[in-house]
file model21.cif (mmCIF, N, CA and C atoms)
data_structure
#
loop_
_atom_site.group_PDB
_atom_site.id
_atom_site.type_symbol
_atom_site.label_atom_id
_atom_site.label_comp_id
_atom_site.auth_asym_id
_atom_site.auth_seq_id
_atom_site.Cartn_x
_atom_site.Cartn_y
_atom_site.Cartn_z
ATOM 1 N N MET U 1154 66.570 -201.759 64.479
ATOM 2 C CA MET U 1154 65.539 -202.441 63.740
ATOM 3 C C MET U 1154 64.500 -202.950 64.740
ATOM 4 N N PRO U 1155 63.211 -202.711 64.473
ATOM 5 C CA PRO U 1155 62.172 -203.167 65.403
ATOM 6 C C PRO U 1155 62.140 -204.681 65.535
ATOM 7 N N GLN U 1156 61.782 -205.126 66.714
ATOM 8 C CA GLN U 1156 61.708 -206.559 67.001
ATOM 9 C C GLN U 1156 60.704 -207.250 66.088
ATOM 10 N N GLU U 1157 59.639 -206.533 65.679
ATOM 11 C CA GLU U 1157 58.631 -207.132 64.817
ATOM 12 C C GLU U 1157 59.184 -207.510 63.454
ATOM 13 N N HIS U 1158 60.230 -206.820 63.009
ATOM 14 C CA HIS U 1158 60.840 -207.139 61.724
ATOM 15 C C HIS U 1158 61.761 -208.355 61.842
ATOM 16 N N ILE U 1159 62.369 -208.510 62.989
ATOM 17 C CA ILE U 1159 63.273 -209.635 63.203
ATOM 18 C C ILE U 1159 62.491 -210.912 63.491
ATOM 19 N N PHE U 1160 61.484 -210.802 64.363
ATOM 20 C CA PHE U 1160 60.660 -211.938 64.760
ATOM 21 C C PHE U 1160 59.199 -211.628 64.425
ATOM 22 N N PRO U 1161 58.811 -211.763 63.173
ATOM 23 C CA PRO U 1161 57.428 -211.409 62.800
ATOM 24 C C PRO U 1161 56.405 -212.333 63.464
ATOM 25 N N MET U 1162 55.262 -211.731 63.820
ATOM 26 C CA MET U 1162 54.174 -212.503 64.407
ATOM 27 C C MET U 1162 53.455 -213.266 63.302
ATOM 28 N N GLU U 1163 52.778 -214.331 63.676
ATOM 29 C CA GLU U 1163 51.983 -215.070 62.704
ATOM 30 C C GLU U 1163 50.803 -214.207 62.276
ATOM 31 N N SER U 1164 50.318 -214.420 61.075
ATOM 32 C CA SER U 1164 49.224 -213.603 60.561
ATOM 33 C C SER U 1164 47.947 -213.767 61.382
ATOM 34 N N THR U 1165 47.792 -214.888 62.077
ATOM 35 C CA THR U 1165 46.595 -215.083 62.891
ATOM 36 C C THR U 1165 46.559 -214.131 64.079
ATOM 37 N N ALA U 1166 47.696 -213.614 64.497
ATOM 38 C CA ALA U 1166 47.739 -212.674 65.617
ATOM 39 C C ALA U 1166 47.101 -211.344 65.249
ATOM 40 N N TYR U 1167 47.027 -211.037 63.965
ATOM 41 C CA TYR U 1167 46.458 -209.770 63.525
ATOM 42 C C TYR U 1167 44.965 -209.853 63.237
ATOM 43 N N GLU U 1168 44.388 -211.032 63.257
ATOM 44 C CA GLU U 1168 42.976 -211.195 62.919
ATOM 45 C C GLU U 1168 42.052 -210.512 63.910
ATOM 46 N N ASN U 1169 42.434 -210.441 65.186
ATOM 47 C CA ASN U 1169 41.594 -209.821 66.207
ATOM 48 C C ASN U 1169 41.817 -208.322 66.321
ATOM 49 N N GLN U 1170 42.753 -207.772 65.573
ATOM 50 C CA GLN U 1170 43.052 -206.348 65.674
ATOM 51 C C GLN U 1170 42.197 -205.559 64.702
ATOM 52 N N GLN U 1171 41.807 -204.380 65.154
ATOM 53 C CA GLN U 1171 41.051 -203.477 64.306
ATOM 54 C C GLN U 1171 41.368 -202.042 64.693
ATOM 55 N N THR U 1172 41.044 -201.112 63.809
ATOM 56 C CA THR U 1172 41.271 -199.698 64.057
ATOM 57 C C THR U 1172 39.942 -199.060 64.434
ATOM 58 N N ILE U 1173 39.941 -198.352 65.579
ATOM 59 C CA ILE U 1173 38.737 -197.658 66.023
ATOM 60 C C ILE U 1173 39.103 -196.223 66.361
ATOM 61 N N GLU U 1174 38.089 -195.381 66.480
ATOM 62 C CA GLU U 1174 38.287 -194.010 66.931
ATOM 63 C C GLU U 1174 37.609 -193.868 68.283
ATOM 64 N N TYR U 1175 38.343 -193.328 69.255
ATOM 65 C CA TYR U 1175 37.852 -193.163 70.617
ATOM 66 C C TYR U 1175 38.272 -191.780 71.093
ATOM 67 N N ASN U 1176 37.315 -190.962 71.473
ATOM 68 C CA ASN U 1176 37.581 -189.575 71.903
ATOM 69 C C ASN U 1176 38.366 -188.792 70.858
ATOM 70 N N GLY U 1177 38.095 -189.040 69.598
ATOM 71 C CA GLY U 1177 38.746 -188.305 68.520
ATOM 72 C C GLY U 1177 40.146 -188.783 68.178
ATOM 73 N N ILE U 1178 40.577 -189.902 68.757
ATOM 74 C CA ILE U 1178 41.917 -190.449 68.522
ATOM 75 C C ILE U 1178 41.766 -191.844 67.931
ATOM 76 N N SER U 1179 42.553 -192.158 66.915
ATOM 77 C CA SER U 1179 42.519 -193.496 66.317
ATOM 78 C C SER U 1179 43.448 -194.437 67.076
ATOM 79 N N PHE U 1180 42.968 -195.660 67.280
ATOM 80 C CA PHE U 1180 43.729 -196.678 67.980
ATOM 81 C C PHE U 1180 43.661 -197.986 67.206
ATOM 82 N N VAL U 1181 44.735 -198.761 67.287
ATOM 83 C CA VAL U 1181 44.692 -200.166 66.878
ATOM 84 C C VAL U 1181 44.430 -200.920 68.172
ATOM 85 N N VAL U 1182 43.338 -201.683 68.187
ATOM 86 C CA VAL U 1182 42.937 -202.399 69.397
ATOM 87 C C VAL U 1182 42.770 -203.875 69.096
ATOM 88 N N MET U 1183 42.774 -204.659 70.161
ATOM 89 C CA MET U 1183 42.553 -206.101 70.054
ATOM 90 C C MET U 1183 41.375 -206.441 70.955
ATOM 91 N N GLU U 1184 40.415 -207.165 70.407
ATOM 92 C CA GLU U 1184 39.255 -207.560 71.201
ATOM 93 C C GLU U 1184 39.617 -208.779 72.036
ATOM 94 N N ASN U 1185 39.328 -208.715 73.342
ATOM 95 C CA ASN U 1185 39.657 -209.842 74.206
ATOM 96 C C ASN U 1185 38.429 -210.728 74.416
ATOM 97 N N ALA U 1186 38.543 -211.741 75.241
ATOM 98 C CA ALA U 1186 37.481 -212.722 75.437
ATOM 99 C C ALA U 1186 36.237 -212.115 76.080
ATOM 100 N N GLN U 1187 36.388 -211.024 76.831
ATOM 101 C CA GLN U 1187 35.254 -210.374 77.483
ATOM 102 C C GLN U 1187 34.607 -209.319 76.590
ATOM 103 N N LYS U 1188 34.953 -209.316 75.305
ATOM 104 C CA LYS U 1188 34.413 -208.367 74.323
ATOM 105 C C LYS U 1188 34.779 -206.924 74.676
ATOM 106 N N GLN U 1189 35.972 -206.741 75.261
ATOM 107 C CA GLN U 1189 36.502 -205.419 75.557
ATOM 108 C C GLN U 1189 37.638 -205.153 74.580
ATOM 109 N N TYR U 1190 37.990 -203.886 74.433
ATOM 110 C CA TYR U 1190 39.050 -203.519 73.503
ATOM 111 C C TYR U 1190 40.298 -203.092 74.268
ATOM 112 N N GLN U 1191 41.408 -203.777 73.990
ATOM 113 C CA GLN U 1191 42.686 -203.473 74.620
ATOM 114 C C GLN U 1191 43.552 -202.732 73.607
ATOM 115 N N ILE U 1192 44.149 -201.628 74.046
ATOM 116 C CA ILE U 1192 44.962 -200.807 73.151
ATOM 117 C C ILE U 1192 46.242 -201.545 72.779
ATOM 118 N N VAL U 1193 46.502 -201.617 71.472
ATOM 119 C CA VAL U 1193 47.756 -202.165 70.961
ATOM 120 C C VAL U 1193 48.676 -201.020 70.578
ATOM 121 N N ARG U 1194 48.090 -199.992 69.920
ATOM 122 C CA ARG U 1194 48.903 -198.874 69.429
ATOM 123 C C ARG U 1194 47.995 -197.666 69.213
ATOM 124 N N MET U 1195 48.519 -196.479 69.487
ATOM 125 C CA MET U 1195 47.800 -195.245 69.216
ATOM 126 C C MET U 1195 48.264 -194.688 67.878
ATOM 127 N N LEU U 1196 47.326 -194.191 67.091
ATOM 128 C CA LEU U 1196 47.636 -193.598 65.799
ATOM 129 C C LEU U 1196 47.273 -192.119 65.871
ATOM 130 N N SER U 1197 48.194 -191.304 66.346
ATOM 131 C CA SER U 1197 47.923 -189.887 66.520
ATOM 132 C C SER U 1197 49.149 -189.081 66.114
ATOM 133 N N THR U 1198 48.895 -187.876 65.619
ATOM 134 C CA THR U 1198 49.993 -186.962 65.293
ATOM 135 C C THR U 1198 50.159 -185.900 66.367
ATOM 136 N N ASN U 1199 49.322 -185.936 67.388
ATOM 137 C CA ASN U 1199 49.387 -184.955 68.468
ATOM 138 C C ASN U 1199 50.262 -185.500 69.602
ATOM 139 N N PRO U 1200 51.387 -184.867 69.892
ATOM 140 C CA PRO U 1200 52.263 -185.360 70.962
ATOM 141 C C PRO U 1200 51.591 -185.373 72.333
ATOM 142 N N GLN U 1201 50.629 -184.491 72.561
ATOM 143 C CA GLN U 1201 49.942 -184.454 73.851
ATOM 144 C C GLN U 1201 49.135 -185.730 74.101
ATOM 145 N N ASP U 1202 48.652 -186.365 73.053
ATOM 146 C CA ASP U 1202 47.892 -187.611 73.218
ATOM 147 C C ASP U 1202 48.748 -188.702 73.836
ATOM 148 N N TYR U 1203 50.022 -188.718 73.508
ATOM 149 C CA TYR U 1203 50.928 -189.756 74.017
ATOM 150 C C TYR U 1203 51.272 -189.554 75.491
ATOM 151 N N LEU U 1204 51.016 -188.361 76.018
ATOM 152 C CA LEU U 1204 51.284 -188.087 77.429
ATOM 153 C C LEU U 1204 50.109 -188.468 78.325
ATOM 154 N N ASN U 1205 48.978 -188.800 77.747
ATOM 155 C CA ASN U 1205 47.790 -189.173 78.506
ATOM 156 C C ASN U 1205 47.925 -190.627 78.962
ATOM 157 N N SER U 1206 47.944 -190.838 80.274
ATOM 158 C CA SER U 1206 48.152 -192.190 80.813
ATOM 159 C C SER U 1206 46.963 -193.115 80.577
ATOM 160 N N GLU U 1207 45.821 -192.584 80.133
ATOM 161 C CA GLU U 1207 44.669 -193.429 79.838
ATOM 162 C C GLU U 1207 44.841 -194.189 78.532
ATOM 163 N N TYR U 1208 45.775 -193.764 77.699
ATOM 164 C CA TYR U 1208 45.905 -194.322 76.354
ATOM 165 C C TYR U 1208 47.194 -195.100 76.139
ATOM 166 N N ILE U 1209 47.745 -195.699 77.180
ATOM 167 C CA ILE U 1209 48.966 -196.479 77.013
ATOM 168 C C ILE U 1209 48.615 -197.884 76.516
ATOM 169 N N PRO U 1210 49.497 -198.522 75.769
ATOM 170 C CA PRO U 1210 49.224 -199.892 75.299
ATOM 171 C C PRO U 1210 48.931 -200.824 76.467
ATOM 172 N N GLY U 1211 47.919 -201.641 76.295
ATOM 173 C CA GLY U 1211 47.505 -202.575 77.335
ATOM 174 C C GLY U 1211 46.270 -202.123 78.087
ATOM 175 N N GLN U 1212 45.964 -200.823 78.020
ATOM 176 C CA GLN U 1212 44.779 -200.305 78.696
ATOM 177 C C GLN U 1212 43.520 -200.816 78.005
ATOM 178 N N ILE U 1213 42.452 -200.961 78.777
ATOM 179 C CA ILE U 1213 41.161 -201.384 78.249
ATOM 180 C C ILE U 1213 40.320 -200.133 78.020
ATOM 181 N N LEU U 1214 39.724 -200.033 76.824
ATOM 182 C CA LEU U 1214 38.856 -198.906 76.510
ATOM 183 C C LEU U 1214 37.414 -199.278 76.810
ATOM 184 N N SER U 1215 36.709 -198.365 77.454
ATOM 185 C CA SER U 1215 35.281 -198.546 77.741
ATOM 186 C C SER U 1215 34.488 -197.858 76.649
ATOM 187 N N LEU U 1216 33.859 -198.633 75.787
ATOM 188 C CA LEU U 1216 33.101 -198.047 74.683
ATOM 189 C C LEU U 1216 31.649 -197.904 75.040
#
call {"tool": "encode", "arguments": {"input": "model21.cif", "output": "structure tokens"}}
result
Amino acid sequence: MPQEHIFPMESTAYENQQTIEYNGISFVVMENAQKQYQIVRMLSTNPQDYLNSEYIPGQILSL
């Protein structure tokens, strides 16, 4: 069982998250204080996208 189901985050933690498309791939990102987007989760059906080290959670996307 995922940790998020056992220890759910407060709803305020999701307010800064949004879904964007970057290089043809959808991501759930969180905007930080410097107005940059940090990857929370990748939304892709292509297994090759997950092998790209530029798209790991925590990375900052340059828009």
call {"tool": "atom_distance", "arguments": {"input": "model21.cif", "atom1": "atom C of Gly1211 of chain U", "atom2": "atom C of Ile1192 of chain U"}}
result
5.3 Å
call {"tool": "residues_near_point", "arguments": {"input": "model21.cif", "point": "(45.9, -194.7, 64.9)", "cutoff": "7 Å", "atoms": "all atoms listed in the file", "output": "list in words"}}
result
Thr1172, Ile1178, Ser1179, Phe1180, Val1181, Arg1194, Met1195, Leu1196 and Ser1197 of chain U
call {"tool": "select_by_dssp", "arguments": {"input": "model21.cif", "residues": "chain U", "states": "alpha helix (DSSP H)", "output": "VMD selection string"}}
result
chain U and resid 1156 to 1159 1200 to 1203
call {"tool": "select_by_dssp", "arguments": {"input": "model21.cif", "residues": "chain U", "states": "strand (DSSP E)", "output": "list in words"}}
result
Gln1170, Gln1171, Thr1172, Ile1173, Glu1174, Tyr1175, Ile1178, Ser1179, Phe1180, Val1181, Val1182, Met1183, Glu1184, Tyr1190, Gln1191, Ile1192, Val1193, Arg1194, Met1195, Leu1196, Ile1213 and Leu1214 of chain U
call {"tool": "atom_distance", "arguments": {"input": "model21.cif", "atom1": "atom CA of Ala1186 of chain U", "atom2": "atom C of Asn1169 of chain U"}}
result
11.0 Å
call {"tool": "residues_near_point", "arguments": {"input": "model21.cif", "point": "(40.3, -204.2, 79.3)", "cutoff": "8 Å", "atoms": "all atoms listed in the file", "output": "list in words"}}
result
Asn1185, Lys1188, Gln1189, Tyr1190, Gln1191, Ile1192, Gly1211, Gln1212, Ile1213, Leu1214 and Ser1215 of chain U
call {"tool": "atom_distance", "arguments": {"input": "model21.cif", "atom1": "atom CA of Met1183 of chain U", "atom2": "atom C of Glu1168 of chain U"}}
result
7.6 Å
call {"tool": "closest_residue", "arguments": {"input": "model21.cif", "among": "U:Gln1170, U:Glu1163, U:His1158, U:Val1193", "to": "Ile1209 of chain U", "atoms": "all atoms listed in the file"}}
result
U:Val1193
